[in-house]
Amino acid sequence: MHALKQPAAEDAAQAAPSSVVPHPATLRPPAQPKASPPPSAALRQWRAAQLKSRLLSVSLWLISLSALFAVWYFGTKYRVDFYIRFNNIPAPAEVFAKLLEVNRSEKFITNVGISVRRILSGFGIAMMIAIPLGLLIGRYRAARDLLMPIAEVLRPIPAIAWVPMSIMLWPTNEVSIVYITFLGSFFPILLNTVHGVTGFDPVLIRAARCLGAGEGRLFWNVILPGALPHIFTGLAVGMGVAWVSLIAAEMISGQFGVGYFTWEAYSLVNYAEIALGMITIGVLGLACSGAIQMVGTLLMPWSSYAAAGRKDA
């Protein structure tokens with residue numbers, strides 16, 4: 001009986017839990033997952049970072065413009081004549097007084113309104129023609145072979161060289177000036193749009209084809225969004241060239257506009273009005289470029305995140 005009970009006792013001893021206590025140094029608490037901030041806190045952090053970035057940008061803008069104004073102010077105050085001559089340059093106070101003077105009449109405001117109307121007309125027509133044409137040229141080889149030779153022949157001709165020809169082509173000076181503005185902005189928009197389409201990743205096009213996208217959906221949902229950064233680059237460049245072309249055309253053949261106002265001031269040796277016309281052109285160009293950038297941000301919300309990612313990297 002004792003011999004039969006011994007194996008059962010050994011089995012019970014093996015089944016019993018061990019009474020050996022492990023050393024405290026060998027005990028490790030289970031890994032706790034890293035707590036992520038709640039969505040509201042993350043959103044607040046993102047907004048604070050965006051606000052800080054915008055304040056920094058505004059500060060740098062103010063520093064840049066203040067430096068330019070300081071060079072102008074001190075150069076005219078002390079009549080600096082060291083290679084660059086400030087002897088006949090009007091002081092900021094003179095230009096500001098002239099601004100108050102011209103705003104009392106409707107002549108200056110009328111000139112500004114006419115120039116804005118011309119720039120919007122020429123640039124708008126160029127945008128409506130150049131973007132679809134650039135998409136077609138970039139997408140289809142037949143369109144590229146048919147239309148690009150014409151574009152490459154006409155593109156090197158400066159818009160100002162078209163002034164005599166445009167006067168002969170169009171019935172009025174107004175239409176000819178709008179046409180010159182159109183030419184100045186057309187080719188930058190066209191070439192950037194073509195580059196945006198030809199530089200597109202073909203893997204995305206093949207993936208869209210595999211998902212059953214037709215040519216229309218391919219253009220609207222794949223090619224156009226991919227080419228938008230290049231298109232808006234062309235719009236920004238085209239707007240700058242359009243203002244250059246418009247002012248030159250107004251100086252040569254116009255009877256109204258900011259360019260005509262500036263040229264008339266030069267003919268009458270009115271230095272304050274010359275500076276006022278130049279500053280007005282710069283402010284109008286800055287406003288147009290800012291509007292293009294704002295529209296681009298609205299149409300491409302992913303670009304701001306991509307820019308933030310590049311900055312953080």
# chains A, B, ... in the order shown; residues from 1 in each chain; ligands from 1
>>> residues_around(residues="A:Leu276", least_positions_apart="4", cutoff="8 Å", atoms="only C-alpha atoms", output="list in words")
Val95, Lys98, Leu99, Thr262, Ala272 and Thr280 of chain A
>>> residues_around(residues="A:Asn270", least_positions_apart="2", cutoff="12 Å", atoms="only C-alpha atoms", output="list in words")
Asn88, Ile89, Pro90, Glu94, Val95, Lys98, Phe261, Thr262, Trp263, Glu264, Ala265, Tyr266, Ser267, Leu268, Ala272, Glu273, Ile274, Ala275, Leu276 and Gly277 of chain A
>>> atom_distance(atom1="atom CA of A:Leu169", atom2="atom CA of A:Ala242")
19.5 Å
>>> decode(residues="stretch 78-190 of chain A", atoms="C-alpha atoms", output="mmCIF file, in the first residue's frame")
data_model
loop_
_atom_site.group_PDB
_atom_site.id
_atom_site.type_symbol
_atom_site.label_atom_id
_atom_site.label_comp_id
_atom_site.auth_asym_id
_atom_site.auth_seq_id
_atom_site.Cartn_x
_atom_site.Cartn_y
_atom_site.Cartn_z
ATOM 1 C CA TYR A 78 20.854 112.561 -47.472
ATOM 2 C CA ARG A 79 20.822 112.818 -51.302
ATOM 3 C CA VAL A 80 23.141 109.864 -51.755
ATOM 4 C CA ASP A 81 25.190 110.204 -54.941
ATOM 5 C CA PHE A 82 27.479 107.192 -54.987
ATOM 6 C CA TYR A 83 26.982 105.544 -58.394
ATOM 7 C CA ILE A 84 23.257 105.258 -57.577
ATOM 8 C CA ARG A 85 21.939 108.817 -57.513
ATOM 9 C CA PHE A 86 19.075 109.857 -55.265
ATOM 10 C CA ASN A 87 19.329 113.537 -56.159
ATOM 11 C CA ASN A 88 16.113 113.713 -58.184
ATOM 12 C CA ILE A 89 14.244 110.859 -56.508
ATOM 13 C CA PRO A 90 11.175 112.118 -54.608
ATOM 14 C CA ALA A 91 11.019 111.492 -50.874
ATOM 15 C CA PRO A 92 8.338 109.205 -49.394
ATOM 16 C CA ALA A 93 6.535 112.229 -47.932
ATOM 17 C CA GLU A 94 6.289 113.832 -51.392
ATOM 18 C CA VAL A 95 4.842 110.661 -52.913
ATOM 19 C CA PHE A 96 2.322 110.342 -50.082
ATOM 20 C CA ALA A 97 1.258 113.963 -50.562
ATOM 21 C CA LYS A 98 0.878 113.308 -54.288
ATOM 22 C CA LEU A 99 -1.258 110.260 -53.521
ATOM 23 C CA LEU A 100 -3.622 112.390 -51.444
ATOM 24 C CA GLU A 101 -3.697 114.964 -54.214
ATOM 25 C CA VAL A 102 -4.508 112.624 -57.094
ATOM 26 C CA ASN A 103 -7.173 110.821 -55.074
ATOM 27 C CA ARG A 104 -9.177 114.031 -54.916
ATOM 28 C CA SER A 105 -9.909 113.663 -58.638
ATOM 29 C CA GLU A 106 -11.302 110.688 -60.535
ATOM 30 C CA LYS A 107 -8.476 110.619 -63.076
ATOM 31 C CA PHE A 108 -6.086 108.426 -61.100
ATOM 32 C CA ILE A 109 -8.793 106.021 -59.908
ATOM 33 C CA THR A 110 -10.072 105.757 -63.494
ATOM 34 C CA ASN A 111 -6.589 104.881 -64.749
ATOM 35 C CA VAL A 112 -6.196 102.207 -62.087
ATOM 36 C CA GLY A 113 -9.616 100.726 -62.869
ATOM 37 C CA ILE A 114 -8.868 100.603 -66.612
ATOM 38 C CA SER A 115 -5.547 98.818 -66.025
ATOM 39 C CA VAL A 116 -7.191 96.280 -63.710
ATOM 40 C CA ARG A 117 -9.923 95.645 -66.269
ATOM 41 C CA ARG A 118 -7.361 95.123 -69.023
ATOM 42 C CA ILE A 119 -5.223 92.780 -66.964
ATOM 43 C CA LEU A 120 -8.200 90.683 -65.902
ATOM 44 C CA SER A 121 -9.500 90.483 -69.469
ATOM 45 C CA GLY A 122 -6.195 89.516 -71.085
ATOM 46 C CA PHE A 123 -5.125 87.173 -68.294
ATOM 47 C CA GLY A 124 -8.556 85.549 -68.072
ATOM 48 C CA ILE A 125 -8.673 84.835 -71.813
ATOM 49 C CA ALA A 126 -5.123 83.456 -71.714
ATOM 50 C CA MET A 127 -5.989 81.191 -68.788
ATOM 51 C CA MET A 128 -9.145 79.828 -70.433
ATOM 52 C CA ILE A 129 -7.257 78.987 -73.640
ATOM 53 C CA ALA A 130 -3.794 77.993 -72.382
ATOM 54 C CA ILE A 131 -4.826 75.501 -69.663
ATOM 55 C CA PRO A 132 -7.070 73.251 -71.842
ATOM 56 C CA LEU A 133 -4.610 73.545 -74.721
ATOM 57 C CA GLY A 134 -1.708 72.630 -72.457
ATOM 58 C CA LEU A 135 -3.586 69.582 -71.169
ATOM 59 C CA LEU A 136 -4.223 68.397 -74.719
ATOM 60 C CA ILE A 137 -0.647 69.027 -75.863
ATOM 61 C CA GLY A 138 0.784 67.278 -72.837
ATOM 62 C CA ARG A 139 -1.546 64.306 -73.116
ATOM 63 C CA TYR A 140 -1.658 63.607 -76.846
ATOM 64 C CA ARG A 141 1.407 63.383 -79.060
ATOM 65 C CA ALA A 142 -0.524 64.354 -82.179
ATOM 66 C CA ALA A 143 -1.621 67.633 -80.573
ATOM 67 C CA ARG A 144 1.938 68.250 -79.406
ATOM 68 C CA ASP A 145 3.394 67.734 -82.883
ATOM 69 C CA LEU A 146 0.715 69.915 -84.451
ATOM 70 C CA LEU A 147 0.646 72.884 -82.045
ATOM 71 C CA MET A 148 4.021 73.104 -80.311
ATOM 72 C CA PRO A 149 5.940 74.290 -83.412
ATOM 73 C CA ILE A 150 3.613 77.297 -83.671
ATOM 74 C CA ALA A 151 4.024 78.025 -79.957
ATOM 75 C CA GLU A 152 7.812 77.737 -80.114
ATOM 76 C CA VAL A 153 7.995 80.123 -83.079
ATOM 77 C CA LEU A 154 5.775 82.783 -81.482
ATOM 78 C CA ARG A 155 6.996 82.436 -77.889
ATOM 79 C CA PRO A 156 10.403 84.174 -78.253
ATOM 80 C CA ILE A 157 8.772 87.312 -79.718
ATOM 81 C CA PRO A 158 8.451 89.854 -76.877
ATOM 82 C CA ALA A 159 4.952 91.091 -76.216
ATOM 83 C CA ILE A 160 6.131 94.674 -76.666
ATOM 84 C CA ALA A 161 7.213 93.829 -80.219
ATOM 85 C CA TRP A 162 3.586 92.998 -80.990
ATOM 86 C CA VAL A 163 2.431 96.579 -80.352
ATOM 87 C CA PRO A 164 2.673 97.821 -83.972
ATOM 88 C CA MET A 165 1.217 94.583 -85.330
ATOM 89 C CA SER A 166 -1.622 94.521 -82.811
ATOM 90 C CA ILE A 167 -2.580 98.099 -83.699
ATOM 91 C CA MET A 168 -2.926 96.974 -87.311
ATOM 92 C CA LEU A 169 -4.684 93.718 -86.419
ATOM 93 C CA TRP A 170 -7.382 94.982 -84.073
ATOM 94 C CA PRO A 171 -9.905 97.785 -84.647
ATOM 95 C CA THR A 172 -9.283 99.755 -81.413
ATOM 96 C CA ASN A 173 -6.376 100.479 -79.100
ATOM 97 C CA GLU A 174 -8.292 98.929 -76.203
ATOM 98 C CA VAL A 175 -8.522 95.542 -77.906
ATOM 99 C CA SER A 176 -4.893 95.695 -79.023
ATOM 100 C CA ILE A 177 -3.699 96.368 -75.446
ATOM 101 C CA VAL A 178 -5.771 93.466 -74.115
ATOM 102 C CA TYR A 179 -4.294 91.284 -76.873
ATOM 103 C CA ILE A 180 -0.735 92.199 -75.845
ATOM 104 C CA THR A 181 -1.601 91.412 -72.229
ATOM 105 C CA PHE A 182 -3.001 88.085 -73.411
ATOM 106 C CA LEU A 183 0.214 87.242 -75.257
ATOM 107 C CA GLY A 184 2.352 88.089 -72.243
ATOM 108 C CA SER A 185 0.544 85.628 -69.988
ATOM 109 C CA PHE A 186 -0.392 82.934 -72.517
ATOM 110 C CA PHE A 187 2.939 81.198 -73.080
ATOM 111 C CA PRO A 188 4.050 80.842 -69.423
ATOM 112 C CA ILE A 189 0.685 79.271 -68.569
ATOM 113 C CA LEU A 190 0.793 76.989 -71.624
#
